[in-house]
$ cat my_file25.cif   # mmCIF, C-alpha atoms
data_protein
#
loop_
_atom_site.group_PDB
_atom_site.id
_atom_site.type_symbol
_atom_site.label_atom_id
_atom_site.label_comp_id
_atom_site.auth_asym_id
_atom_site.auth_seq_id
_atom_site.Cartn_x
_atom_site.Cartn_y
_atom_site.Cartn_z
ATOM 1 C CA MET A 1130 16.395 -25.757 11.729
ATOM 2 C CA LYS A 1131 13.499 -27.702 13.210
ATOM 3 C CA LEU A 1132 10.480 -26.418 15.133
ATOM 4 C CA LEU A 1133 11.435 -28.437 18.188
ATOM 5 C CA ASP A 1134 14.887 -26.802 18.136
ATOM 6 C CA PHE A 1135 13.306 -23.594 19.395
ATOM 7 C CA VAL A 1136 9.745 -24.349 20.475
ATOM 8 C CA CYS A 1137 9.667 -24.685 24.255
ATOM 9 C CA THR A 1138 7.814 -27.955 24.814
ATOM 10 C CA ASP A 1139 6.792 -26.818 28.307
ATOM 11 C CA ALA A 1140 5.019 -23.832 26.777
ATOM 12 C CA LEU A 1141 2.384 -25.509 24.629
ATOM 13 C CA ILE A 1142 -1.156 -24.475 25.523
ATOM 14 C CA SER A 1143 -4.074 -26.374 23.994
ATOM 15 C CA ASP A 1144 -6.830 -24.419 25.721
ATOM 16 C CA LEU A 1145 -6.057 -20.718 25.759
ATOM 17 C CA GLN A 1146 -8.513 -18.965 28.054
ATOM 18 C CA ALA A 1147 -7.934 -15.497 26.647
ATOM 19 C CA THR A 1148 -10.345 -14.237 24.011
ATOM 20 C CA ASP A 1149 -8.620 -10.974 23.163
ATOM 21 C CA ARG A 1150 -5.168 -10.284 21.826
ATOM 22 C CA ASP A 1151 -3.524 -8.648 24.834
ATOM 23 C CA ALA A 1152 -4.793 -11.279 27.258
ATOM 24 C CA ALA A 1153 -3.576 -14.034 24.933
ATOM 25 C CA ILE A 1154 -0.110 -12.461 24.761
ATOM 26 C CA ASN A 1155 -0.020 -12.279 28.575
ATOM 27 C CA GLU A 1156 -1.207 -15.855 28.979
ATOM 28 C CA ILE A 1157 1.372 -17.275 26.585
ATOM 29 C CA LEU A 1158 4.212 -15.237 28.091
ATOM 30 C CA ASP A 1159 3.213 -16.446 31.562
ATOM 31 C CA LYS A 1160 3.557 -19.991 30.304
ATOM 32 C CA LEU A 1161 7.048 -19.266 28.914
ATOM 33 C CA ILE A 1162 8.041 -17.787 32.274
ATOM 34 C CA GLU A 1163 6.616 -20.785 34.138
ATOM 35 C CA ALA A 1164 8.633 -23.027 31.806
ATOM 36 C CA GLY A 1165 11.782 -21.100 32.680
ATOM 37 C CA ALA A 1166 12.340 -19.939 29.097
ATOM 38 C CA VAL A 1167 12.256 -16.262 29.993
ATOM 39 C CA GLU A 1168 12.822 -14.270 33.196
ATOM 40 C CA ALA A 1169 9.738 -13.063 35.034
ATOM 41 C CA GLY A 1170 11.328 -9.644 35.404
ATOM 42 C CA LEU A 1171 11.217 -9.152 31.636
ATOM 43 C CA LYS A 1172 7.508 -9.821 31.298
ATOM 44 C CA ASP A 1173 6.069 -6.309 31.448
ATOM 45 C CA GLU A 1174 8.582 -4.977 28.978
ATOM 46 C CA LEU A 1175 8.088 -7.868 26.573
ATOM 47 C CA VAL A 1176 4.294 -7.550 26.747
ATOM 48 C CA SER A 1177 4.437 -3.868 25.879
ATOM 49 C CA LEU A 1178 6.965 -4.421 23.074
ATOM 50 C CA ILE A 1179 4.865 -7.206 21.551
ATOM 51 C CA ILE A 1180 1.678 -5.133 21.769
ATOM 52 C CA GLU A 1181 3.450 -2.114 20.307
ATOM 53 C CA ARG A 1182 4.579 -4.345 17.446
ATOM 54 C CA GLU A 1183 1.019 -5.615 16.921
ATOM 55 C CA ASN A 1184 -0.388 -2.096 16.929
ATOM 56 C CA HIS A 1185 2.080 -1.175 14.220
ATOM 57 C CA GLY A 1186 0.813 -4.023 12.026
ATOM 58 C CA SER A 1187 -0.979 -7.163 13.112
ATOM 59 C CA THR A 1188 0.866 -10.473 12.866
ATOM 60 C CA GLY A 1189 -2.538 -12.094 12.492
ATOM 61 C CA PHE A 1190 -1.778 -12.635 8.822
ATOM 62 C CA GLY A 1191 -4.984 -14.568 8.117
ATOM 63 C CA LYS A 1192 -6.059 -18.215 8.033
ATOM 64 C CA GLY A 1193 -6.674 -18.189 11.794
ATOM 65 C CA VAL A 1194 -3.031 -17.865 12.811
ATOM 66 C CA ALA A 1195 -0.948 -15.159 14.466
ATOM 67 C CA VAL A 1196 2.788 -14.927 15.061
ATOM 68 C CA PRO A 1197 3.460 -12.215 17.644
ATOM 69 C CA HIS A 1198 7.185 -11.776 18.186
ATOM 70 C CA VAL A 1199 9.825 -9.646 19.804
ATOM 71 C CA LYS A 1200 13.602 -9.298 19.816
ATOM 72 C CA HIS A 1201 15.235 -8.243 23.068
ATOM 73 C CA GLU A 1202 18.843 -7.806 24.190
ATOM 74 C CA ASN A 1203 18.182 -9.671 27.453
ATOM 75 C CA ILE A 1204 16.919 -12.752 25.651
ATOM 76 C CA THR A 1205 19.880 -15.069 25.230
ATOM 77 C CA LYS A 1206 18.249 -18.044 23.526
ATOM 78 C CA MET A 1207 15.443 -18.085 20.987
ATOM 79 C CA TYR A 1208 12.222 -19.646 22.227
ATOM 80 C CA ALA A 1209 8.747 -20.076 20.830
ATOM 81 C CA ALA A 1210 5.487 -20.983 22.527
ATOM 82 C CA VAL A 1211 2.279 -22.238 20.953
ATOM 83 C CA GLY A 1212 -1.220 -21.351 22.140
ATOM 84 C CA ILE A 1213 -4.344 -22.952 20.728
ATOM 85 C CA SER A 1214 -7.716 -21.407 21.361
ATOM 86 C CA GLN A 1215 -10.900 -23.413 20.990
ATOM 87 C CA LYS A 1216 -13.067 -20.287 21.183
ATOM 88 C CA GLY A 1217 -11.008 -18.050 18.920
ATOM 89 C CA VAL A 1218 -9.071 -14.914 19.852
ATOM 90 C CA ASP A 1219 -9.802 -11.453 18.539
ATOM 91 C CA PHE A 1220 -6.278 -10.665 17.334
ATOM 92 C CA ASN A 1221 -7.158 -7.786 15.036
ATOM 93 C CA ALA A 1222 -6.126 -10.076 12.187
ATOM 94 C CA LEU A 1223 -5.670 -8.681 8.695
ATOM 95 C CA ASP A 1224 -8.656 -10.699 7.462
ATOM 96 C CA LYS A 1225 -10.718 -9.675 10.535
ATOM 97 C CA GLN A 1226 -11.274 -13.337 11.417
ATOM 98 C CA PRO A 1227 -10.629 -14.880 14.844
ATOM 99 C CA VAL A 1228 -7.265 -16.501 15.509
ATOM 100 C CA TYR A 1229 -7.111 -20.105 16.735
ATOM 101 C CA SER A 1230 -3.364 -20.767 16.706
ATOM 102 C CA VAL A 1231 -0.735 -18.420 18.090
ATOM 103 C CA PHE A 1232 3.006 -18.939 17.647
ATOM 104 C CA MET A 1233 4.894 -16.542 19.893
ATOM 105 C CA LEU A 1234 8.579 -16.100 19.098
ATOM 106 C CA LEU A 1235 11.118 -14.486 21.433
ATOM 107 C CA SER A 1236 14.519 -13.855 19.881
ATOM 108 C CA PRO A 1237 17.857 -12.419 20.951
ATOM 109 C CA LYS A 1238 18.494 -9.011 19.453
ATOM 110 C CA ASP A 1239 21.838 -9.842 17.899
ATOM 111 C CA ASN A 1240 20.864 -12.750 15.661
ATOM 112 C CA PRO A 1241 18.400 -11.525 13.004
ATOM 113 C CA ASP A 1242 19.268 -14.375 10.626
ATOM 114 C CA GLU A 1243 18.316 -17.031 13.158
ATOM 115 C CA HIS A 1244 15.043 -15.167 13.770
ATOM 116 C CA LEU A 1245 14.254 -15.232 10.029
ATOM 117 C CA GLN A 1246 15.077 -18.943 9.799
ATOM 118 C CA ALA A 1247 12.654 -19.645 12.638
ATOM 119 C CA MET A 1248 9.970 -17.513 10.967
ATOM 120 C CA GLU A 1249 10.559 -19.372 7.708
ATOM 121 C CA ASN A 1250 10.043 -22.663 9.493
ATOM 122 C CA ILE A 1251 6.899 -21.477 11.275
ATOM 123 C CA PHE A 1252 5.338 -20.032 8.116
ATOM 124 C CA SER A 1253 6.252 -22.962 5.892
ATOM 125 C CA ASN A 1254 4.217 -25.122 8.233
ATOM 126 C CA LEU A 1255 1.393 -22.665 8.845
ATOM 127 C CA GLN A 1256 1.012 -22.460 5.087
ATOM 128 C CA LYS A 1257 -0.033 -26.127 5.049
ATOM 129 C CA ASP A 1258 -3.782 -26.713 5.443
ATOM 130 C CA GLN A 1259 -3.205 -30.011 7.253
ATOM 131 C CA PHE A 1260 -0.817 -28.494 9.760
ATOM 132 C CA ARG A 1261 -3.206 -25.658 10.576
ATOM 133 C CA ARG A 1262 -6.143 -28.035 10.885
ATOM 134 C CA PHE A 1263 -4.331 -30.530 13.126
ATOM 135 C CA LEU A 1264 -2.906 -27.716 15.234
ATOM 136 C CA ARG A 1265 -6.349 -26.247 15.820
ATOM 137 C CA GLN A 1266 -7.737 -29.680 16.677
ATOM 138 C CA SER A 1267 -5.058 -30.385 19.307
ATOM 139 C CA THR A 1268 -6.566 -30.994 22.724
ATOM 140 C CA SER A 1269 -3.388 -31.431 24.778
ATOM 141 C CA ALA A 1270 0.170 -30.163 24.932
ATOM 142 C CA GLU A 1271 1.279 -33.681 24.041
ATOM 143 C CA GLU A 1272 -0.738 -33.601 20.815
ATOM 144 C CA ILE A 1273 0.778 -30.260 19.851
ATOM 145 C CA LYS A 1274 4.258 -31.630 20.514
ATOM 146 C CA ASP A 1275 3.544 -34.740 18.412
ATOM 147 C CA LEU A 1276 2.313 -32.564 15.558
ATOM 148 C CA LEU A 1277 5.423 -30.370 15.693
ATOM 149 C CA ASN A 1278 7.530 -33.504 15.593
ATOM 150 C CA GLU A 1279 5.605 -34.805 12.573
ATOM 151 C CA ALA A 1280 6.120 -31.462 10.854
ATOM 152 C CA ASP A 1281 9.857 -31.614 11.621
ATOM 153 C CA THR A 1282 10.148 -35.080 10.158
ATOM 154 C CA GLN A 1283 8.066 -34.046 7.132
ATOM 155 C CA GLN A 1284 5.258 -36.493 7.723
ATOM 156 C CA LEU A 1285 2.672 -33.896 6.709
ATOM 157 C CA PRO A 1286 1.627 -33.345 3.123
ATOM 158 C CA GLY A 1287 2.003 -29.837 1.724
ATOM 159 C CA MET B 1013 1.056 -9.991 -21.250
ATOM 160 C CA ASN B 1014 3.696 -7.526 -20.230
ATOM 161 C CA MET B 1015 6.363 -9.144 -18.042
ATOM 162 C CA VAL B 1016 9.141 -7.267 -16.265
ATOM 163 C CA LYS B 1017 11.753 -8.663 -13.902
ATOM 164 C CA THR B 1018 14.620 -7.414 -11.813
ATOM 165 C CA LYS B 1019 17.137 -8.671 -9.285
ATOM 166 C CA VAL B 1020 17.575 -7.071 -5.883
ATOM 167 C CA THR B 1021 19.745 -7.773 -2.859
ATOM 168 C CA ILE B 1022 18.470 -7.440 0.680
ATOM 169 C CA THR B 1023 20.826 -4.982 2.388
ATOM 170 C CA ASN B 1024 19.104 -3.996 5.632
ATOM 171 C CA SER B 1025 20.727 -5.814 8.541
ATOM 172 C CA LEU B 1026 17.559 -7.439 9.878
ATOM 173 C CA GLY B 1027 16.655 -8.912 6.496
ATOM 174 C CA MET B 1028 13.093 -9.169 5.226
ATOM 175 C CA HIS B 1029 11.427 -9.763 8.593
ATOM 176 C CA ALA B 1030 7.730 -9.219 9.198
ATOM 177 C CA ARG B 1031 7.625 -5.436 8.963
ATOM 178 C CA PRO B 1032 9.485 -5.121 5.632
ATOM 179 C CA ALA B 1033 7.544 -8.098 4.295
ATOM 180 C CA MET B 1034 4.328 -6.284 5.112
ATOM 181 C CA ALA B 1035 5.621 -3.120 3.470
ATOM 182 C CA PHE B 1036 6.446 -5.194 0.384
ATOM 183 C CA VAL B 1037 2.979 -6.760 0.311
ATOM 184 C CA ASP B 1038 1.354 -3.355 0.757
ATOM 185 C CA ALA B 1039 3.363 -1.936 -2.129
ATOM 186 C CA ALA B 1040 2.818 -4.988 -4.359
ATOM 187 C CA SER B 1041 -0.909 -5.022 -3.652
ATOM 188 C CA GLY B 1042 -1.164 -1.501 -5.012
ATOM 189 C CA PHE B 1043 -0.573 -2.894 -8.499
ATOM 190 C CA ALA B 1044 -2.862 -4.999 -10.650
ATOM 191 C CA SER B 1045 0.082 -7.055 -11.921
ATOM 192 C CA ASN B 1046 0.827 -10.527 -10.680
ATOM 193 C CA ILE B 1047 3.975 -10.312 -8.532
ATOM 194 C CA LYS B 1048 6.301 -13.234 -7.890
ATOM 195 C CA VAL B 1049 9.407 -13.234 -5.724
ATOM 196 C CA ILE B 1050 12.010 -15.903 -6.354
ATOM 197 C CA LYS B 1051 14.899 -17.014 -4.139
ATOM 198 C CA ASP B 1052 17.146 -19.830 -5.394
ATOM 199 C CA GLY B 1053 14.359 -21.221 -7.535
ATOM 200 C CA GLN B 1054 11.756 -21.020 -4.774
ATOM 201 C CA GLU B 1055 8.915 -18.918 -6.159
ATOM 202 C CA VAL B 1056 6.340 -17.263 -3.925
ATOM 203 C CA ASP B 1057 3.453 -14.832 -4.230
ATOM 204 C CA GLY B 1058 4.720 -11.280 -3.633
ATOM 205 C CA LYS B 1059 1.303 -10.240 -2.351
ATOM 206 C CA SER B 1060 1.255 -12.810 0.478
ATOM 207 C CA ILE B 1061 3.055 -12.040 3.700
ATOM 208 C CA MET B 1062 3.044 -15.723 4.716
ATOM 209 C CA HIS B 1063 4.721 -16.585 1.416
ATOM 210 C CA LEU B 1064 7.355 -13.879 1.729
ATOM 211 C CA MET B 1065 8.236 -14.993 5.256
ATOM 212 C CA MET B 1066 8.899 -18.460 3.860
ATOM 213 C CA LEU B 1067 11.859 -17.096 1.901
ATOM 214 C CA ALA B 1068 13.921 -16.296 5.014
ATOM 215 C CA ALA B 1069 15.493 -13.462 3.044
ATOM 216 C CA THR B 1070 18.366 -12.517 5.328
ATOM 217 C CA LYS B 1071 20.797 -9.680 4.670
ATOM 218 C CA GLY B 1072 22.752 -10.431 1.508
ATOM 219 C CA THR B 1073 20.026 -12.573 -0.038
ATOM 220 C CA GLU B 1074 19.484 -12.044 -3.747
ATOM 221 C CA LEU B 1075 15.864 -12.075 -4.874
ATOM 222 C CA GLU B 1076 14.309 -11.917 -8.294
ATOM 223 C CA ILE B 1077 11.075 -9.975 -8.553
ATOM 224 C CA VAL B 1078 8.821 -10.718 -11.526
ATOM 225 C CA ALA B 1079 5.748 -8.664 -12.370
ATOM 226 C CA GLU B 1080 3.266 -9.598 -15.027
ATOM 227 C CA GLY B 1081 0.507 -7.237 -16.075
ATOM 228 C CA ASP B 1082 -0.286 -3.833 -17.501
ATOM 229 C CA ASP B 1083 1.453 -1.975 -14.682
ATOM 230 C CA ALA B 1084 4.390 -4.397 -14.409
ATOM 231 C CA GLU B 1085 6.999 -1.727 -15.074
ATOM 232 C CA GLN B 1086 5.732 0.624 -12.386
ATOM 233 C CA ALA B 1087 5.403 -2.276 -9.959
ATOM 234 C CA ILE B 1088 8.992 -3.397 -10.463
ATOM 235 C CA GLU B 1089 10.285 0.148 -10.169
ATOM 236 C CA SER B 1090 8.402 0.705 -6.927
ATOM 237 C CA LEU B 1091 9.328 -2.652 -5.339
ATOM 238 C CA LYS B 1092 12.984 -2.403 -6.301
ATOM 239 C CA ASP B 1093 13.098 1.075 -4.819
ATOM 240 C CA LEU B 1094 11.571 -0.205 -1.564
ATOM 241 C CA VAL B 1095 14.204 -2.945 -1.212
ATOM 242 C CA ASP B 1096 17.038 -0.640 -2.304
ATOM 243 C CA ARG B 1097 16.154 1.930 0.332
ATOM 244 C CA LYS B 1098 16.312 -0.848 2.967
ATOM 245 C CA PHE B 1099 12.555 -0.727 3.570
ATOM 246 C CA ASP B 1100 13.189 2.654 5.223
ATOM 247 C CA GLU B 1101 14.691 0.839 8.216
ATOM 248 C CA GLU B 1102 18.211 2.224 8.270
#
$ encode --input "my_file25.cif" --output "structure tokens"
Amino acid sequence: MKLLDFVCTDALISDLQATDRDAAINEILDKLIEAGAVEAGLKDELVSLIIERENHGSTGFGKGVAVPHVKHENITKMYAAVGISQKGVDFNALDKQPVYSVFMLLSPKDNPDEHLQAMENIFSNLQKDQFRRFLRQSTSAEEIKDLLNEADTQQLPG
Amino acid sequence: MNMVKTKVTITNSLGMHARPAMAFVDAASGFASNIKVIKDGQEVDGKSIMHLMMLAATKGTELEIVAEGDDAEQAIESLKDLVDRKFDEE
């Protein structure tokens, strides 16, 4: 599985305006809706499920990245969005540091294995210093897309 | 150095997604021992959630847990129990 198999290329944000977690989640979901990846009618429910999930244990696992996610029976195809913040988002991260890169993953409820494969792909890349640095330095959606493509074709050193 | 290892199989239907991975890290971090988790030769740090997520340990996946340190035995017992009871998910 490749990142660009499930990352919605119309939902790549290089200049997140939000500076707190809940606003960032809203902003990224709005972008996914605008891109047609998820129905507008699902937004409120997805926002509250994602926030509930975050309150249970932050997906801001450290190193300036967060991976908020949700599984829902009305989601038929897995999609991810990427939001980059220049200012940093207070995501209540485990290391208490601001988050600069957010991968949001929306998955169908009935395919937990696919969800784990996507997470594996996201984390394998986020684990790489170069990937995190280039991601944070992206200044346009096009740059984010190019980086994801480079990651998919293994042009980045571990 | 005292080294203890065991094999476990992931049996909860959602696999080791973020919540169980965090529970694993929390449990592992309670021990002084070094904890490694191995899937098909891929070895990761059992105290790092990012590492554990890289295993994509779906239901049915066999993992080897290796603990090295003075409390290795207790660590293995506790971690094996956590996996065996399906991370309290089902």
$ interface_residues --input "my_file25.cif" --of "chain B" --to "chain A" --cutoff "12 Å" --atoms "all atoms listed in the file" --output "PyMOL selection string"
chain B and resi 1024-1035+1037-1038+1056+1059-1073
$ atom_distance --input "my_file25.cif" --atom1 "CA of Lys1172 in chain A" --atom2 "CA of Asp1159 in chain A"
7.9 Å
$ resolve_selection --input "my_file25.cif" --expression "the PyMOL selection byres ((chain B and resi 1053) around 12)" --output "NGL selection string"
:B and (1048-1052 or 1054-1056 or 1067 or 1074-1077)
$ write_last_selection --input "my_file25.cif" --atoms "C-alpha atoms" --output "compact mmCIF listing (two decimals), in the frame of the given file"
# COMPACT_ATOMS: atom_id res chain seq x y z
CA LYS B 1048 6.30 -13.23 -7.89
CA VAL B 1049 9.41 -13.23 -5.72
CA ILE B 1050 12.01 -15.90 -6.35
CA LYS B 1051 14.90 -17.01 -4.14
CA ASP B 1052 17.15 -19.83 -5.39
CA GLN B 1054 11.76 -21.02 -4.77
CA GLU B 1055 8.91 -18.92 -6.16
CA VAL B 1056 6.34 -17.26 -3.92
CA LEU B 1067 11.86 -17.10 1.90
CA GLU B 1074 19.48 -12.04 -3.75
CA LEU B 1075 15.86 -12.08 -4.87
CA GLU B 1076 14.31 -11.92 -8.29
CA ILE B 1077 11.08 -9.98 -8.55
$ resolve_selection --input "my_file25.cif" --expression "the PyMOL selection byres ((chain B and resi 1083) around 7)" --output "PyMOL selection string"
chain B and resi 1043-1045+1081-1082+1084-1087
$ residues_around --input "my_file25.cif" --residues "Ile1213 in chain A" --least-positions-apart "2" --cutoff "7 Å" --atoms "only C-alpha atoms" --output "ChimeraX atom specification"
/A:1142-1145,1211,1215,1229-1231,1265
$ atom_distance --input "my_file25.cif" --atom1 "CA of Asp1224 in chain A" --atom2 "CA of Ala1153 in chain A"
18.5 Å
$ residues_around --input "my_file25.cif" --residues "range 1281-1283 of chain A" --least-positions-apart "3" --cutoff "7 Å" --atoms "all atoms listed in the file" --output "JSON, numbers by chain"
{"A": [1131, 1132, 1277, 1278]}
$ atom_distance --input "my_file25.cif" --atom1 "CA of Glu1163 in chain A" --atom2 "CA of Gly1193 in chain A"
26.1 Å
$ residues_near_point --input "my_file25.cif" --point "(11.1, -0.5, -1.2)" --cutoff "10 Å" --atoms "only C-alpha atoms" --output "ChimeraX atom specification"
/B:1032,1035-1036,1039-1040,1088-1100
$ residues_around --input "my_file25.cif" --residues "range 1134-1141 of chain A" --least-positions-apart "4" --cutoff "6 Å" --atoms "all atoms listed in the file" --output "PDB file with C-alpha atoms, keeping the file's coordinate frame"
ATOM      1  CA  LYS A1160       3.557 -19.991  30.304  1.00  0.00           C
ATOM      2  CA  LEU A1161       7.048 -19.266  28.914  1.00  0.00           C
ATOM      3  CA  ALA A1164       8.633 -23.027  31.806  1.00  0.00           C
ATOM      4  CA  TYR A1208      12.222 -19.646  22.227  1.00  0.00           C
ATOM      5  CA  ALA A1209       8.747 -20.076  20.830  1.00  0.00           C
ATOM      6  CA  ALA A1210       5.487 -20.983  22.527  1.00  0.00           C
ATOM      7  CA  VAL A1211       2.279 -22.238  20.953  1.00  0.00           C
ATOM      8  CA  ALA A1270       0.170 -30.163  24.932  1.00  0.00           C
TER       9      ALA A1270
END
$ resolve_selection --input "my_file25.cif" --expression "the PyMOL selection byres ((chain B and resi 1013) around 7)" --output "PyMOL selection string"
chain B and resi 1014-1015+1080-1081
$ write_last_selection --input "my_file25.cif" --atoms "C-alpha atoms" --output "CSV table (one decimal), in the frame of the given file"
chain,number,residue,atom,x,y,z
B,1014,ASN,CA,3.7,-7.5,-20.2
B,1015,MET,CA,6.4,-9.1,-18.0
B,1080,GLU,CA,3.3,-9.6,-15.0
B,1081,GLY,CA,0.5,-7.2,-16.1
